[in-house]
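Asker: After the structure tokens below, expect a handful of questions from me.
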Amino acid sequence: MTSTVLDTELRNHRSIDLDELVRLASLQTRVDRKYVLARDEANSVLSDLDPATRVLEIDGIRNLAYESVYFDTPDLLSYRLAAHARRRRFKLRTRAYVDTAQAFLEMKTRGANSTTVKDRLDYDIEDRETLTPEGREYADAALDGLGIDPARLELVPTLVTRYERMTLYIASSQSRATIDTSLSWSTSRGTTLDRPDLVIIETKSGLRTSEVDRLLWAHGHRPSTISKFGTGLAALNPDLPSNKWARVLRRHFA
């Protein structure tokens, strides 16, 4: 890991295992708020966490390696729906948990009250860069539910994101937060972007704000409009429409 932020500030927090985290705070339907910070800013925020905050630990590892492969049409329909904030937008990806060799195919859509609804399918990690027949059937059913005709769509791997993540459990509100470091993006065309100097903190809660949100606000940080898929693709392809992410692109990806 390139940053000492997580090791330093979360070392003394108790751990929580995955089964207990899912039981206490699965939050498949939730409100997500994302914050982009420099490493030293993240260090300052994390030093003020409630001592009762717990950290996900799997096989003795807290800082887990993630890889996501995003699928879109050749003309980037999924990206464009997100860039123009269409309500019927979707995001299709495989999510690989590298340390445990597990993977899922996930479809994220928008629900009522701006909630994020995520559904997923067990997937072979060796297939994470392709849509298997079962994966395509799963994607087609989800698209059909959105009123999008899947028969007209070719879905191909478009963007790969890699990062390291620590997950926090906040007992008082049964909410979660994730902290992503060692951020990297690459496209199917071979262009890459590495931002080891950035940290993305994402809070995941019900409709009420979490303690981590309020802690970030107290340190002067407000939610950013950022998507690893949308912002990353826009940073790597400046000709794409990107007004939705213009502020975070100027500030953190110029």
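Labels for the structure tokens follow display order: chains A, B, ..., residues from 1 in each chain, ligands from 1.
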Using DSSP secondary structure from the backbone, list all alpha helix (DSSP H) positions within range 16-235 of chain A, as a PyMOL selection string.
Answerer: chain A and resi 18-25+39-46+77-83+133-145+211-218+228-235
Asker: Could you pull out the strand (DSSP E or B) residues of range 59-243 of chain A, going by DSSP on the backbone, and write them as number ranges by chain?
Answerer: A: 61, 64-72, 90-97, 102-110, 116-123, 156-170, 175-187, 192-195, 198-205
Asker: Give me the residues near range 96-110 of chain A as a VMD selection string, where near means some atom within 7 Å (using only C-alpha atoms) and where sequence neighbours in that chain fewer than 2 positions away do not count.
Answerer: chain A and resid 64 to 68 87 89 to 94 112 114 to 125
Asker: Suppose we keep N, CA and C atoms; can you now write the selection as a PDB file, in the first residue's frame?
Answerer:
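Produced file out_26.pdb, reproduced below:
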```pdb
ATOM      1  N   LEU A  64      -8.137  -4.685   1.444  1.00  0.00           N
ATOM      2  CA  LEU A  64      -8.426  -5.713   0.448  1.00  0.00           C
ATOM      3  C   LEU A  64      -8.342  -5.162  -0.973  1.00  0.00           C
ATOM      4  N   ALA A  65      -7.785  -5.956  -1.881  1.00  0.00           N
ATOM      5  CA  ALA A  65      -7.633  -5.557  -3.276  1.00  0.00           C
ATOM      6  C   ALA A  65      -8.914  -5.847  -4.049  1.00  0.00           C
ATOM      7  N   TYR A  66      -9.395  -4.855  -4.781  1.00  0.00           N
ATOM      8  CA  TYR A  66     -10.609  -4.967  -5.590  1.00  0.00           C
ATOM      9  C   TYR A  66     -10.262  -4.722  -7.058  1.00  0.00           C
ATOM     10  N   GLU A  67     -11.021  -5.373  -7.938  1.00  0.00           N
ATOM     11  CA  GLU A  67     -10.937  -5.084  -9.366  1.00  0.00           C
ATOM     12  C   GLU A  67     -12.344  -5.130  -9.949  1.00  0.00           C
ATOM     13  N   SER A  68     -12.725  -4.102 -10.679  1.00  0.00           N
ATOM     14  CA  SER A  68     -14.037  -4.046 -11.316  1.00  0.00           C
ATOM     15  C   SER A  68     -13.867  -3.874 -12.817  1.00  0.00           C
ATOM     16  N   ARG A  87     -32.911   8.963 -15.313  1.00  0.00           N
ATOM     17  CA  ARG A  87     -33.403   8.163 -14.195  1.00  0.00           C
ATOM     18  C   ARG A  87     -33.263   6.667 -14.467  1.00  0.00           C
ATOM     19  N   ARG A  89     -31.010   4.890 -15.687  1.00  0.00           N
ATOM     20  CA  ARG A  89     -29.638   4.514 -15.990  1.00  0.00           C
ATOM     21  C   ARG A  89     -29.263   3.221 -15.268  1.00  0.00           C
ATOM     22  N   PHE A  90     -28.202   2.620 -15.758  1.00  0.00           N
ATOM     23  CA  PHE A  90     -27.741   1.353 -15.200  1.00  0.00           C
ATOM     24  C   PHE A  90     -26.223   1.314 -15.239  1.00  0.00           C
ATOM     25  N   LYS A  91     -25.663   0.440 -14.421  1.00  0.00           N
ATOM     26  CA  LYS A  91     -24.220   0.219 -14.410  1.00  0.00           C
ATOM     27  C   LYS A  91     -24.004  -1.284 -14.240  1.00  0.00           C
ATOM     28  N   LEU A  92     -23.335  -1.887 -15.190  1.00  0.00           N
ATOM     29  CA  LEU A  92     -23.098  -3.331 -15.179  1.00  0.00           C
ATOM     30  C   LEU A  92     -21.605  -3.583 -15.053  1.00  0.00           C
ATOM     31  N   ARG A  93     -21.236  -4.412 -14.076  1.00  0.00           N
ATOM     32  CA  ARG A  93     -19.814  -4.668 -13.849  1.00  0.00           C
ATOM     33  C   ARG A  93     -19.615  -6.028 -13.194  1.00  0.00           C
ATOM     34  N   THR A  94     -18.419  -6.555 -13.354  1.00  0.00           N
ATOM     35  CA  THR A  94     -17.994  -7.641 -12.484  1.00  0.00           C
ATOM     36  C   THR A  94     -17.162  -7.024 -11.369  1.00  0.00           C
ATOM     37  N   ALA A 112     -36.205   4.693  -5.738  1.00  0.00           N
ATOM     38  CA  ALA A 112     -36.910   5.871  -5.241  1.00  0.00           C
ATOM     39  C   ALA A 112     -36.012   6.666  -4.303  1.00  0.00           C
ATOM     40  N   SER A 114     -33.616   8.661  -4.789  1.00  0.00           N
ATOM     41  CA  SER A 114     -32.198   8.674  -5.160  1.00  0.00           C
ATOM     42  C   SER A 114     -31.392   7.561  -4.514  1.00  0.00           C
ATOM     43  N   THR A 115     -32.049   6.479  -4.113  1.00  0.00           N
ATOM     44  CA  THR A 115     -31.324   5.354  -3.552  1.00  0.00           C
ATOM     45  C   THR A 115     -30.650   4.557  -4.661  1.00  0.00           C
ATOM     46  N   THR A 116     -29.588   3.867  -4.281  1.00  0.00           N
ATOM     47  CA  THR A 116     -28.901   2.968  -5.193  1.00  0.00           C
ATOM     48  C   THR A 116     -29.376   1.550  -4.913  1.00  0.00           C
ATOM     49  N   VAL A 117     -29.829   0.861  -5.956  1.00  0.00           N
ATOM     50  CA  VAL A 117     -30.289  -0.513  -5.820  1.00  0.00           C
ATOM     51  C   VAL A 117     -29.283  -1.407  -6.538  1.00  0.00           C
ATOM     52  N   LYS A 118     -28.705  -2.344  -5.796  1.00  0.00           N
ATOM     53  CA  LYS A 118     -27.696  -3.223  -6.370  1.00  0.00           C
ATOM     54  C   LYS A 118     -28.147  -4.665  -6.254  1.00  0.00           C
ATOM     55  N   ASP A 119     -28.071  -5.373  -7.372  1.00  0.00           N
ATOM     56  CA  ASP A 119     -28.360  -6.798  -7.398  1.00  0.00           C
ATOM     57  C   ASP A 119     -27.137  -7.488  -7.974  1.00  0.00           C
ATOM     58  N   ARG A 120     -26.868  -8.737  -7.564  1.00  0.00           N
ATOM     59  CA  ARG A 120     -25.670  -9.369  -8.081  1.00  0.00           C
ATOM     60  C   ARG A 120     -25.818 -10.875  -8.203  1.00  0.00           C
ATOM     61  N   LEU A 121     -24.932 -11.431  -9.017  1.00  0.00           N
ATOM     62  CA  LEU A 121     -24.941 -12.839  -9.366  1.00  0.00           C
ATOM     63  C   LEU A 121     -23.557 -13.412  -9.106  1.00  0.00           C
ATOM     64  N   ASP A 122     -23.486 -14.572  -8.460  1.00  0.00           N
ATOM     65  CA  ASP A 122     -22.187 -15.233  -8.290  1.00  0.00           C
ATOM     66  C   ASP A 122     -21.534 -15.447  -9.649  1.00  0.00           C
ATOM     67  N   TYR A 123     -20.229 -15.224  -9.712  1.00  0.00           N
ATOM     68  CA  TYR A 123     -19.532 -15.278 -10.999  1.00  0.00           C
ATOM     69  C   TYR A 123     -18.167 -15.920 -10.806  1.00  0.00           C
ATOM     70  N   ASP A 124     -17.711 -16.651 -11.816  1.00  0.00           N
ATOM     71  CA  ASP A 124     -16.374 -17.239 -11.784  1.00  0.00           C
ATOM     72  C   ASP A 124     -15.350 -16.125 -12.006  1.00  0.00           C
ATOM     73  N   ILE A 125     -14.387 -16.022 -11.122  1.00  0.00           N
ATOM     74  CA  ILE A 125     -13.415 -14.935 -11.220  1.00  0.00           C
ATOM     75  C   ILE A 125     -12.633 -14.996 -12.534  1.00  0.00           C
TER      76      ILE A 125
END
```
Asker: When distances are computed from only C-alpha atoms, which of A:Asp32, A:Arg152, A:Leu159, A:Glu164 shows the smallest separation from Val199 in chain A?
Answerer: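 Going through A:Asp32, A:Arg152, A:Leu159, A:Glu164 one by one, the smallest distance to Val199 in chain A is for A:Glu164.
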Asker: Go through A:Ala38, A:Ala25, A:Val31, A:Ala151 and flag the residue nearest Gly206 in chain A, using only C-alpha atoms for the distances.
Answerer: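 That would be A:Val31, the residue with the smallest distance to Gly206 in chain A.
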Asker: For each of A:Ala82, A:Ile179, A:Leu77, A:Leu233, take the minimum atom-to-atom distance to Leu10 in chain A, counting only C-alpha atoms, then give the residue where this is smallest.
Answerer: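 Counting only C-alpha atoms, the residue closest to Leu10 in chain A is A:Ile179.
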Asker: Out of A:Arg33, A:Arg208, A:Arg128, A:His13, which residue has the shortest atom-to-atom distance to Ser224 in chain A when counting only C-alpha atoms?
Answerer: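 Using only C-alpha atoms, the shortest distance to Ser224 in chain A belongs to A:Arg33.
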Asker: Could you list, as a count of residues only, every residue within 12 Å of Arg250 in chain A, counting only C-alpha atoms and ignoring same-chain residues fewer than 2 positions away?
Answerer: 15
